[in-house]
Amino acid sequence: MAGQARSTRQQLWQALGSVRTGIILLILSGLAVLAGTLILQRPITEPAKLHQAYSPETLRVLDTLRLTDVFHSWWFALLLSLLSANIVVASIERFPAAWRYFSRPLRRAEPHFFASLAMKQAIPLRTSQVDMERVELAFRRAGWKPEYVSDDRGSVSLFAERFRFARMAPFVVHASLLLILAGGIIDSVWGYKGFISLGQNESTNQLELGDGTHKTLPFAIRCDGAGQENYADGTPKRWWSHLTVLDNGREVQHKEIVVNSPLTYRGLRFYQASYGSTGDVAGVKLLATPKNGGAKQEFWLKLDQAAPLGNDATIRITQFIPDFVVVDNRIESRSDQPVNPALQISVQSGQAAENKLWLFPKFPEFTHSNGTGFDFQVEDLQMGYFTGLEVSHEPGQWAVWAGVLLMGVALALVFYFVHVRLWALPLDDGRGRQVLWLGASASKNREDFERRFRTLADAVEQDLKSPAAAAKQRRADLMVVK
């Protein structure tokens with residue numbers, strides 16, 4: 001029974017660390033990321049746009065499956081965790097063999113090892129003794145740094161290698177992937193995104209999350225101004241907002257943000273997400289001219305704000321309609337934009353009846369006659385606006401960026417460095433003659449390295465067959481060293 005349980009655990013361990021499992025998990029993770037890209041996500045998408053894009057039934061299903069908040073769903077975190085476990089198990093399974101290559105390189109090659117090499121060449125010798133110095137010089141001319149290796153019998157061979165650290169490159173790739181996945185898991189579990197809408201001079205510490213709940217921030221954010229710049233054809237060019245961070249009532253940070261330049265404070269990022277008119281008026285500049293002559297009066301008024309007019313009268317704005325239209329004898333507004341603004345003002349003088357009249361800034365000739373003793377004119381008006389801020393808390397981003405940087409190093413190791421080894425060993429061919437065996441091994445790019453190995457083997461053979469030429473080359477090499 002215990003053996004059966006051990007066998008089951010071994011099968012699960014092997015399945016978790018297999019390449020097939022890794023490929024399946026990668027495909028599922030890619031599909032999840034694709035879903036999070038194609039499906040509108042909360043809270044960065046306004047509820048009205050969600051209801052416009054999907055039917056109520058579809059939206060209910062998407063919310064139930066957490067497809068409208070993929071990157072913070074439990075199943076996405078589980079998927080990343082399984083992929084991380086696959087990488088860890090695969091690394092554990094393959095690390096011992098790679099570490100043996102790295103920590104205990106095979107410097108002395110035995111005859112049976114040569115028999116298994118794909119790249120090898122036997123050079124017959126004319127003498128019974130091999131001049132290993134000639135072989136060493138041929139290696140050095142080719143850019144190698146060989147070392148002598150001797151065995152218990154006193155036999156001497158040569159060994160050279162390059163870029164042994166390249167054997168560990170796959171594990172550096174694994175480590176970088178684990179960092180990136182760890183950052184994604186941390187963001188999925190402990191990170192959050194929300195939305196804040198602010199008017200001018202408004203401040204709040206309440207963040208609306210994707211599920212409609214609110215989260216209290218440890219500080220407040222205030223909008224000191226916002227606006228929109230347009231292209232020549234009137235289409236929006238960019239939105240901007242002047243934000244101030246209020247921590248314990250103190251102004252601790254100011255910044256103008258645009259779409260790709262957020263404000264960052266205490267691990268939270270505030271991105272410019274939207275901008276628009278509230279449909280309300282922020283201020284109206286009125287000019288009042290006495291009908292019987294006298295000094296003109298100028299006012300800056302907000303809705304329902306009263307101001308003194310003349311000696312004993314007051315004036316205030318009682319209604320504002322941004323896009324005035326009459327439908328079935330009813331006054332309505334067609335939009336929130338000041339296309340055809342209209343405002344109603346009220347003048348109260350002492351105990352007299354309240355006098356109301358409508359003003360149309362774009363059509364001043366339509367102003368009603370009145371008994372207030374003043375003619376009124378709208379000089380300017382400013383519409384109220386809101387700035388939409390997307391707020392994100394991503395505590396795992398440090399791990400993601402560290403993984404990305406490490407991935408760059410790992411890919412450089414993988415693609416630009418190859419572990420290559422060379423051996424030169426004198427042997428008896430079994431018929432009483434000496435043979436110099438040359439062998440080579442490369443961790444990858446074997447075809448390219450084999451051409452270089454054949455060139456080196458030809459150079460060694462030429463040196464061994466032409467002692468005079470080899471001696472001349474040796475002297476030249478010594479002069480270069482001196």
# chains A, B, ... in the order shown; residues from 1 in each chain; ligands from 1
>>> closest_atom_pairs(of="segment 32-141 of chain A", to="segment 430-450 of chain A", cutoff="7 Å", atoms="only C-alpha atoms", output="tab-separated table")
residue	atom	partner	partner_atom	distance
A:Phe114	CA	A:Gly439	CA	6.6
A:Leu117	CA	A:Gly439	CA	6.8
A:Met119	CA	A:Ala440	CA	5.4
A:Lys120	CA	A:Gly439	CA	4.2
A:Gln121	CA	A:Leu438	CA	5.2
A:Ala122	CA	A:Trp437	CA	4.6
A:Ile123	CA	A:Leu436	CA	5.0
A:Pro124	CA	A:Val435	CA	4.6
A:Leu125	CA	A:Val435	CA	5.6
A:Ser128	CA	A:Gln434	CA	5.7
>>> write_last_selection(atoms="C-alpha atoms", output="PDB file, in the first residue's frame")
ATOM      1  CA  PHE A 114      36.155   9.271 -26.999  1.00  0.00           C
ATOM      2  CA  LEU A 117      31.943  11.671 -28.974  1.00  0.00           C
ATOM      3  CA  MET A 119      33.313  15.141 -32.970  1.00  0.00           C
ATOM      4  CA  LYS A 120      36.606  13.264 -32.906  1.00  0.00           C
ATOM      5  CA  GLN A 121      39.635  12.672 -35.068  1.00  0.00           C
ATOM      6  CA  ALA A 122      42.610  10.312 -34.821  1.00  0.00           C
ATOM      7  CA  ILE A 123      45.997  11.616 -35.997  1.00  0.00           C
ATOM      8  CA  PRO A 124      48.612   8.870 -36.654  1.00  0.00           C
ATOM      9  CA  LEU A 125      52.102   9.648 -35.334  1.00  0.00           C
ATOM     10  CA  SER A 128      56.462   6.740 -30.355  1.00  0.00           C
TER      11      SER A 128
END
>>> closest_atom_pairs(of="segment 369-438 of chain A", to="segment 145-169 of chain A", cutoff="8 Å", atoms="only C-alpha atoms", output="CSV")
residue,atom,partner,partner_atom,distance
A:Ala410,CA,A:Ala169,CA,5.9
A:Leu411,CA,A:Ala169,CA,7.9
A:Leu413,CA,A:Ala169,CA,5.7
A:Val414,CA,A:Ala169,CA,5.7
A:Phe417,CA,A:Ala166,CA,5.9
A:Val418,CA,A:Ala166,CA,5.9
A:His419,CA,A:Phe163,CA,4.9
A:Val420,CA,A:Arg162,CA,5.5
A:Arg421,CA,A:Glu161,CA,4.2
A:Leu422,CA,A:Ala160,CA,5.1
A:Trp423,CA,A:Phe159,CA,4.7
A:Ala424,CA,A:Leu158,CA,5.0
A:Leu425,CA,A:Ser157,CA,4.8
A:Pro426,CA,A:Ser157,CA,7.0
>>> residues_around(residues="Phe219 of chain A", least_positions_apart="3", cutoff="7 Å", atoms="only C-alpha atoms", output="list of chain:residue names")
A:Asn205, A:Leu246, A:Asp247, A:Asn248
>>> select_by_dssp(residues="segment 246-461 of chain A", states="alpha helix (DSSP H)", output="number ranges by chain")
A: 397-416, 446-461
>>> select_by_dssp(residues="segment 196-316 of chain A", states="strand (DSSP E or B)", output="ChimeraX atom specification")
/A:196-199,203-209,214-230,236-247,250-258,261,263-265,268-290,297-301,303,306-309,313-316
>>> closest_residue(among="A:Ser116, A:Gln253, A:Asn329, A:Thr21", to="Leu82 of chain A", atoms="only C-alpha atoms")
A:Thr21
>>> atom_distance(atom1="atom CA of Val327 of chain A", atom2="atom CA of Leu381 of chain A")
24.8 Å
>>> residues_around(residues="segment 85-101 of chain A", least_positions_apart="5", cutoff="12 Å", atoms="only C-alpha atoms", output="PyMOL selection string")
chain A and resi 10+12-26+78-80+106-107+161+163-179+181-182+419-421+443
>>> residues_around(residues="Asn292 of chain A", least_positions_apart="5", cutoff="12 Å", atoms="only C-alpha atoms", output="number ranges by chain")
A: 372-375
>>> atom_distance(atom1="atom CA of Thr45 of chain A", atom2="atom CA of Ile186 of chain A")
22.9 Å
>>> residues_around(residues="Thr289 of chain A", least_positions_apart="4", cutoff="9 Å", atoms="only C-alpha atoms", output="ChimeraX atom specification")
/A:293-298,373-377
>>> closest_residue(among="A:Glu46, A:Leu406, A:Ala118, A:Gly276", to="Pro236 of chain A", atoms="only C-alpha atoms")
A:Gly276
>>> closest_residue(among="A:Leu268, A:Met383, A:Leu301, A:Ala306", to="Gly227 of chain A", atoms="only C-alpha atoms")
A:Met383
>>> closest_residue(among="A:Gly183, A:Asp380, A:Leu427, A:Phe320", to="Ala109 of chain A", atoms="only C-alpha atoms")
A:Leu427
>>> residues_around(residues="Gly191 of chain A", least_positions_apart="3", cutoff="10 Å", atoms="only C-alpha atoms", output="JSON, numbers by chain")
{"A": [71, 72, 184, 185, 186, 187, 188, 268, 392, 393, 394, 395, 396, 397]}
>>> write_last_selection(atoms="N, CA and C atoms", output="compact mmCIF listing (two decimals), in the first residue's frame")
# COMPACT_ATOMS: atom_id res chain seq x y z
N PHE A 71 -7.22 39.54 -14.07
CA PHE A 71 -5.91 39.55 -13.44
C PHE A 71 -5.96 39.62 -11.92
N HIS A 72 -7.16 39.71 -11.35
CA HIS A 72 -7.30 39.64 -9.90
C HIS A 72 -8.23 38.50 -9.49
N GLY A 184 3.17 38.48 -10.73
CA GLY A 184 1.77 38.37 -11.15
C GLY A 184 0.87 37.79 -10.08
N ILE A 185 1.38 36.80 -9.33
CA ILE A 185 0.59 36.20 -8.25
C ILE A 185 0.36 37.22 -7.13
N ILE A 186 1.42 37.96 -6.76
CA ILE A 186 1.29 38.97 -5.71
C ILE A 186 0.26 40.03 -6.11
N ASP A 187 0.34 40.49 -7.35
CA ASP A 187 -0.63 41.50 -7.82
C ASP A 187 -2.05 40.93 -7.85
N SER A 188 -2.18 39.67 -8.23
CA SER A 188 -3.50 39.07 -8.32
C SER A 188 -4.15 38.92 -6.95
N LEU A 268 0.83 53.49 -4.74
CA LEU A 268 -0.35 53.61 -5.60
C LEU A 268 -0.01 54.52 -6.78
N SER A 392 -4.15 52.17 -9.34
CA SER A 392 -3.71 50.78 -9.27
C SER A 392 -2.70 50.60 -8.16
N HIS A 393 -2.84 49.50 -7.45
CA HIS A 393 -1.88 49.09 -6.43
C HIS A 393 -1.32 47.75 -6.87
N GLU A 394 -0.05 47.75 -7.26
CA GLU A 394 0.59 46.56 -7.83
C GLU A 394 1.87 46.26 -7.05
N PRO A 395 1.74 45.62 -5.88
CA PRO A 395 2.93 45.39 -5.05
C PRO A 395 3.91 44.40 -5.65
N GLY A 396 3.51 43.66 -6.67
CA GLY A 396 4.41 42.68 -7.27
C GLY A 396 5.21 43.20 -8.44
N GLN A 397 5.10 44.49 -8.74
CA GLN A 397 5.79 45.01 -9.92
C GLN A 397 7.30 44.97 -9.80
